[in-house]
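Text of the file entry22.tsv, holding TSV, C-alpha atoms and all ligand atoms:
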chain	number	residue	atom	x	y	z
A	1	MET	CA	65.97	68.58	-13.92
A	2	LYS	CA	63.38	67.41	-16.38
A	3	PHE	CA	61.16	65.01	-14.43
A	4	PRO	CA	60.01	67.24	-11.55
A	5	THR	CA	59.16	69.99	-14.04
A	6	LEU	CA	56.98	67.62	-16.05
A	7	LEU	CA	55.29	66.39	-12.89
A	8	LYS	CA	54.49	69.94	-11.81
A	9	THR	CA	53.08	70.71	-15.24
A	10	ALA	CA	50.90	67.60	-15.12
A	11	VAL	CA	49.53	68.55	-11.69
A	12	ALA	CA	48.86	72.11	-12.84
A	13	LEU	CA	47.06	70.84	-15.95
A	14	ALA	CA	44.94	68.42	-13.93
A	15	MET	CA	43.92	71.20	-11.58
A	16	ALA	CA	43.12	73.55	-14.45
A	17	SER	CA	40.95	71.01	-16.24
A	18	ALA	CA	39.08	70.12	-13.02
A	19	CYS	CA	38.39	73.82	-12.60
A	20	MET	CA	37.15	74.25	-16.15
A	21	ALA	CA	34.89	71.21	-15.88
A	22	ALA	CA	33.26	72.70	-12.79
A	23	LEU	CA	32.81	76.04	-14.53
A	24	ALA	CA	31.35	74.50	-17.68
A	25	GLN	CA	28.79	72.58	-15.66
A	26	ALA	CA	27.81	75.60	-13.57
A	27	ALA	CA	27.47	77.80	-16.65
A	28	ALA	CA	25.18	75.47	-18.63
A	29	VAL	CA	21.99	76.09	-16.64
A	30	LYS	CA	21.89	78.50	-13.73
A	31	VAL	CA	19.49	77.60	-10.95
A	32	GLU	CA	18.30	80.28	-8.55
A	33	GLY	CA	15.93	80.35	-5.60
A	34	ALA	CA	15.21	76.63	-5.66
A	35	TRP	CA	12.94	75.20	-2.97
A	36	ALA	CA	10.35	72.50	-2.37
A	37	ARG	CA	7.15	73.02	-0.41
A	38	ALA	CA	6.98	71.23	2.92
A	39	THR	CA	4.17	68.72	3.42
A	40	VAL	CA	2.15	67.46	6.34
A	41	GLN	CA	1.57	63.86	7.36
A	42	GLY	CA	-0.69	62.12	4.83
A	43	GLN	CA	-0.05	64.60	2.03
A	44	ARG	CA	1.13	62.69	-1.03
A	45	GLY	CA	2.14	65.45	-3.42
A	46	THR	CA	3.90	68.79	-3.44
A	47	GLY	CA	5.63	71.27	-5.73
A	48	ALA	CA	9.20	72.40	-6.19
A	49	PHE	CA	10.13	75.77	-7.62
A	50	MET	CA	13.17	77.64	-8.97
A	51	SER	CA	14.27	79.84	-11.80
A	52	LEU	CA	16.35	78.38	-14.61
A	53	THR	CA	18.59	80.33	-16.96
A	54	SER	CA	20.33	78.36	-19.68
A	55	LYS	CA	23.37	79.75	-21.47
A	56	ASP	CA	22.37	77.98	-24.68
A	57	ALA	CA	18.88	77.00	-25.81
A	58	THR	CA	17.96	73.74	-24.12
A	59	GLN	CA	14.95	71.87	-22.82
A	60	LEU	CA	14.06	70.57	-19.40
A	61	VAL	CA	12.85	67.07	-20.28
A	62	GLY	CA	12.59	65.37	-16.92
A	63	VAL	CA	13.04	65.38	-13.18
A	64	THR	CA	13.82	62.60	-10.75
A	65	THR	CA	14.04	62.46	-6.98
A	66	PRO	CA	14.32	59.54	-4.60
A	67	VAL	CA	11.73	61.12	-2.25
A	68	ALA	CA	8.84	60.76	-4.71
A	69	GLY	CA	7.48	57.83	-6.70
A	70	VAL	CA	6.59	60.16	-9.56
A	71	ALA	CA	8.15	63.50	-10.49
A	72	GLU	CA	6.97	65.57	-13.45
A	73	VAL	CA	7.34	69.01	-14.96
A	74	HIS	CA	3.93	70.66	-14.66
A	75	GLU	CA	2.19	73.74	-15.89
A	76	MET	CA	-0.63	75.42	-14.00
A	77	LYS	CA	-2.85	77.97	-15.68
A	78	MET	CA	-6.35	79.37	-15.73
A	79	VAL	CA	-8.62	77.79	-18.33
A	80	GLY	CA	-11.78	79.91	-18.16
A	81	ASP	CA	-12.52	80.09	-14.42
A	82	VAL	CA	-10.74	76.87	-13.57
A	83	MET	CA	-7.12	76.48	-12.54
A	84	LYS	CA	-5.79	73.50	-14.47
A	85	MET	CA	-2.59	71.60	-14.03
A	86	ARG	CA	-0.99	69.37	-16.61
A	87	ALA	CA	2.25	67.50	-17.14
A	88	LEU	CA	4.59	68.90	-19.78
A	89	PRO	CA	6.73	66.52	-21.82
A	90	LEU	CA	9.34	69.29	-21.96
A	91	LEU	CA	9.91	72.90	-20.99
A	92	ASP	CA	11.81	75.15	-23.39
A	93	LEU	CA	14.67	77.16	-21.91
A	94	PRO	CA	15.59	79.80	-24.51
A	95	ALA	CA	19.23	80.94	-24.49
A	96	GLY	CA	19.91	83.47	-21.76
A	97	LYS	CA	16.25	83.84	-20.73
A	98	LYS	CA	15.23	83.27	-17.13
A	99	VAL	CA	12.35	80.79	-16.90
A	100	GLU	CA	10.50	80.87	-13.59
A	101	LEU	CA	9.03	77.80	-11.98
A	102	LYS	CA	6.78	79.21	-9.28
A	103	PRO	CA	3.49	78.57	-7.49
A	104	GLY	CA	0.65	79.12	-9.96
A	105	GLY	CA	2.84	78.56	-13.04
A	106	TYR	CA	5.40	76.03	-14.10
A	107	HIS	CA	6.55	73.76	-11.31
A	108	LEU	CA	8.09	70.42	-10.56
A	109	MET	CA	5.38	68.11	-9.27
A	110	LEU	CA	6.47	65.52	-6.76
A	111	MET	CA	3.84	62.84	-6.29
A	112	ASP	CA	3.55	59.57	-4.42
A	113	LEU	CA	5.84	60.97	-1.71
A	114	LYS	CA	7.52	58.27	0.34
A	115	ALA	CA	7.55	60.43	3.49
A	116	PRO	CA	6.43	63.94	4.44
A	117	LEU	CA	8.90	66.66	3.43
A	118	ALA	CA	9.96	68.31	6.67
A	119	LYS	CA	10.55	72.05	6.79
A	120	ASP	CA	14.27	72.94	6.95
A	121	SER	CA	15.37	69.58	5.51
A	122	THR	CA	16.81	69.21	2.02
A	123	ILE	CA	15.90	66.84	-0.79
A	124	PRO	CA	18.01	65.69	-3.74
A	125	VAL	CA	16.48	66.47	-7.12
A	126	THR	CA	18.01	65.72	-10.52
A	127	LEU	CA	17.02	67.76	-13.55
A	128	LEU	CA	17.39	66.22	-16.99
A	129	PHE	CA	18.10	68.51	-19.94
A	130	LYS	CA	18.33	67.94	-23.66
A	131	ASP	CA	20.16	70.50	-25.80
A	132	ALA	CA	19.50	71.51	-29.41
A	133	LYS	CA	21.72	68.68	-30.64
A	134	GLY	CA	19.78	66.15	-28.58
A	135	VAL	CA	22.58	65.69	-26.06
A	136	GLU	CA	21.24	64.95	-22.58
A	137	SER	CA	22.77	66.29	-19.41
A	138	ARG	CA	21.90	66.07	-15.75
A	139	LEU	CA	22.02	68.61	-12.97
A	140	GLU	CA	21.98	67.38	-9.40
A	141	LEU	CA	20.42	69.77	-6.91
A	142	LYS	CA	19.82	69.87	-3.19
A	143	LEU	CA	16.56	71.69	-2.60
A	144	PRO	CA	15.77	73.28	0.75
A	145	VAL	CA	12.31	72.34	2.01
A	146	ALA	CA	10.29	75.33	3.19
A	147	THR	CA	6.70	76.44	3.73
A	148	VAL	CA	7.22	79.66	1.75
A	149	ALA	CA	9.56	80.73	-1.05
A	150	PRO	CA	12.96	81.86	0.25
A	151	GLY	CA	12.69	85.60	0.76
A	152	ALA	CA	8.89	85.63	0.44
A	153	THR	CA	6.85	87.25	3.16
A	154	ALA	CA	4.08	85.40	4.96
A	155	ALA	CA	1.52	87.65	3.21
A	156	THR	CA	2.50	86.61	-0.31
A	157	ALA	CA	2.88	83.02	0.79
A	158	GLU	CA	-0.76	82.98	1.86
A	159	HIS	CA	-1.82	83.83	-1.70
A	160	LYS	CA	-2.96	80.39	-2.80
A	161	HIS	CA	-3.65	79.44	-6.39
B	1	CU	CU	1.45	70.06	-10.60

Translate this file's structure into structure tokens.
Ligand SMILES: [Cu+2]
Amino acid sequence: MKFPTLLKTAVALAMASACMAALAQAAAVKVEGAWARATVQGQRGTGAFMSLTSKDATQLVGVTTPVAGVAEVHEMKMVGDVMKMRALPLLDLPAGKKVELKPGGYHLMLMDLKAPLAKDSTIPVTLLFKDAKGVESRLELKLPVATVAPGATAATAEHKH
């Protein structure tokens, strides 16, 4: 019988394409070790950290989150004896190279927080990328909120920048 065979094929194709779409999205930029630093009452800003590995050369051009009024990609570095922090319009992600966003270096800066970020909660964060052809894509993340990096010991966590 022709019809049931066609129907089965259609279902199989739909499942296969759903699978491939999920794979393509996951493969574009790999996110590892993502977390946001917990805050205390009255604290208006904090950082979020992760490592990003892009399959193809791309740029991180923005970040949004409903928990903060302002979210920016920042760089922190020593200028002479002073630790300076500045907003970056974009962060290059070379093909296949792991780029670390970590305390004391690149980070996502969440400012004008609408409420304290409680330890062990999660926050939604959306990363905005632009590839070499100028095509924009989004990556929705759920970041765990913690006082130290996942896997970090208390000793290294106490090392403040
Ligand atoms: Cu910052």

Please identify all polymer residues within 9 Å of stretch 83-94 of chain A, counting all atoms listed in the file, omitting same-chain residues fewer than 5 positions from it, and present them as a count of residues only. 24

Quote the spacing between atom CA of A:Lys114 and atom CA of A:Ser51 in Å to one decimal place.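 Atom CA of A:Lys114 sits 25.7 Å away from atom CA of A:Ser51.
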
In Å to one decimal, how far is atom CA of A:Pro124 from atom CA of A:Arg37?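 These two atoms are separated by 13.5 Å.
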
Given only C-alpha atoms and all ligand atoms as the basis, pick out the residue of A:Val40, A:Val125, A:Leu101, A:Leu141 nearest to ligand CU 1 (chain B).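 Closest candidate: A:Leu101.
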
Using all atoms listed in the file, find the one residue out of A:Ala68, A:Val63, A:Val29, A:Met111 that sits nearest to ligand CU 1 (chain B).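 Ranking A:Ala68, A:Val63, A:Val29, A:Met111 by distance to ligand CU 1 (chain B), first place goes to A:Met111.
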
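Nearest residue to A:Leu127, choosing from A:Glu140, A:Ala34, A:Gly80, A:Ala71 and counting only C-alpha atoms: A:Glu140.
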
Record the distance separating atom CA of A:Arg138 and atom CA of A:Leu110, expressed in Å with one decimal.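 That distance, rounded to one decimal, is 17.9 Å.
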
With all atoms listed in the file as the basis for distance, which of A:Lys130, A:Leu143, A:Thr65, A:Lys30 is at the shortest distance from A:Glu100?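 Counting all atoms listed in the file, the residue closest to A:Glu100 is A:Lys30.
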
With the input short on atoms, add N, CA and C atoms back to stretch 68-104 of chain A and write it as a short mmCIF file (atom, residue, chain, number, x, y, z; two decimals), in the frame of the given file.
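To be explicit, this is the file written out as rebuild16.cif:
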data_model
loop_
_atom_site.label_atom_id
_atom_site.label_comp_id
_atom_site.auth_asym_id
_atom_site.auth_seq_id
_atom_site.Cartn_x
_atom_site.Cartn_y
_atom_site.Cartn_z
N ALA A 68 10.18 60.89 -4.12
CA ALA A 68 8.84 60.76 -4.71
C ALA A 68 8.79 59.60 -5.70
N GLY A 69 7.64 58.93 -5.75
CA GLY A 69 7.48 57.83 -6.70
C GLY A 69 7.38 58.36 -8.11
N VAL A 70 6.77 59.54 -8.25
CA VAL A 70 6.59 60.16 -9.56
C VAL A 70 6.98 61.62 -9.48
N ALA A 71 7.78 62.08 -10.42
CA ALA A 71 8.15 63.50 -10.49
C ALA A 71 7.97 63.96 -11.93
N GLU A 72 7.27 65.08 -12.10
CA GLU A 72 6.97 65.57 -13.45
C GLU A 72 7.15 67.08 -13.51
N VAL A 73 7.36 67.57 -14.73
CA VAL A 73 7.34 69.01 -14.96
C VAL A 73 5.88 69.36 -15.26
N HIS A 74 5.34 70.31 -14.51
CA HIS A 74 3.93 70.66 -14.66
C HIS A 74 3.74 72.12 -15.05
N GLU A 75 2.60 72.38 -15.62
CA GLU A 75 2.19 73.74 -15.89
C GLU A 75 0.83 73.94 -15.24
N MET A 76 0.66 75.10 -14.60
CA MET A 76 -0.63 75.42 -14.00
C MET A 76 -1.11 76.72 -14.64
N LYS A 77 -2.33 76.71 -15.14
CA LYS A 77 -2.85 77.97 -15.68
C LYS A 77 -4.37 77.98 -15.65
N MET A 78 -4.90 79.20 -15.74
CA MET A 78 -6.35 79.37 -15.73
C MET A 78 -6.91 79.00 -17.10
N VAL A 79 -7.89 78.11 -17.09
CA VAL A 79 -8.62 77.79 -18.33
C VAL A 79 -10.06 78.19 -18.01
N GLY A 80 -10.50 79.35 -18.56
CA GLY A 80 -11.78 79.91 -18.16
C GLY A 80 -11.67 80.30 -16.70
N ASP A 81 -12.55 79.76 -15.85
CA ASP A 81 -12.52 80.09 -14.42
C ASP A 81 -11.80 79.01 -13.61
N VAL A 82 -11.29 78.03 -14.30
CA VAL A 82 -10.74 76.87 -13.57
C VAL A 82 -9.21 76.82 -13.68
N MET A 83 -8.57 76.63 -12.55
CA MET A 83 -7.12 76.48 -12.54
C MET A 83 -6.81 75.03 -12.91
N LYS A 84 -6.11 74.86 -14.01
CA LYS A 84 -5.79 73.50 -14.47
C LYS A 84 -4.30 73.24 -14.38
N MET A 85 -3.97 72.00 -14.15
CA MET A 85 -2.59 71.60 -14.03
C MET A 85 -2.36 70.43 -14.97
N ARG A 86 -1.27 70.50 -15.71
CA ARG A 86 -0.99 69.37 -16.61
C ARG A 86 0.50 69.11 -16.68
N ALA A 87 0.84 67.88 -17.00
CA ALA A 87 2.25 67.50 -17.14
C ALA A 87 2.74 67.96 -18.50
N LEU A 88 3.97 68.48 -18.52
CA LEU A 88 4.59 68.90 -19.78
C LEU A 88 5.65 67.88 -20.14
N PRO A 89 5.67 67.45 -21.42
CA PRO A 89 6.73 66.52 -21.82
C PRO A 89 8.10 67.22 -21.80
N LEU A 90 8.09 68.54 -22.01
CA LEU A 90 9.34 69.29 -21.96
C LEU A 90 9.03 70.76 -21.72
N LEU A 91 10.03 71.46 -21.21
CA LEU A 91 9.91 72.90 -20.99
C LEU A 91 11.08 73.57 -21.69
N ASP A 92 10.76 74.46 -22.64
CA ASP A 92 11.81 75.15 -23.39
C ASP A 92 12.53 76.17 -22.52
N LEU A 93 13.85 76.16 -22.59
CA LEU A 93 14.67 77.16 -21.91
C LEU A 93 15.45 77.91 -23.00
N PRO A 94 14.89 79.04 -23.46
CA PRO A 94 15.59 79.80 -24.51
C PRO A 94 16.94 80.31 -23.98
N ALA A 95 17.89 80.51 -24.88
CA ALA A 95 19.23 80.94 -24.49
C ALA A 95 19.17 82.26 -23.72
N GLY A 96 19.76 82.24 -22.53
CA GLY A 96 19.91 83.47 -21.76
C GLY A 96 18.64 84.02 -21.13
N LYS A 97 17.51 83.33 -21.28
CA LYS A 97 16.25 83.84 -20.73
C LYS A 97 15.91 83.10 -19.43
N LYS A 98 15.57 83.88 -18.41
CA LYS A 98 15.23 83.27 -17.13
C LYS A 98 13.81 82.72 -17.20
N VAL A 99 13.67 81.43 -16.92
CA VAL A 99 12.35 80.79 -16.90
C VAL A 99 12.01 80.48 -15.45
N GLU A 100 10.89 81.02 -15.00
CA GLU A 100 10.50 80.87 -13.59
C GLU A 100 9.58 79.67 -13.39
N LEU A 101 9.93 78.84 -12.45
CA LEU A 101 9.03 77.80 -11.98
C LEU A 101 8.56 78.28 -10.62
N LYS A 102 7.27 78.62 -10.53
CA LYS A 102 6.78 79.21 -9.28
C LYS A 102 5.34 78.80 -9.03
N PRO A 103 4.88 78.95 -7.79
CA PRO A 103 3.49 78.57 -7.49
C PRO A 103 2.53 79.30 -8.43
N GLY A 104 1.61 78.54 -9.04
CA GLY A 104 0.65 79.12 -9.96
C GLY A 104 1.10 79.08 -11.41
#
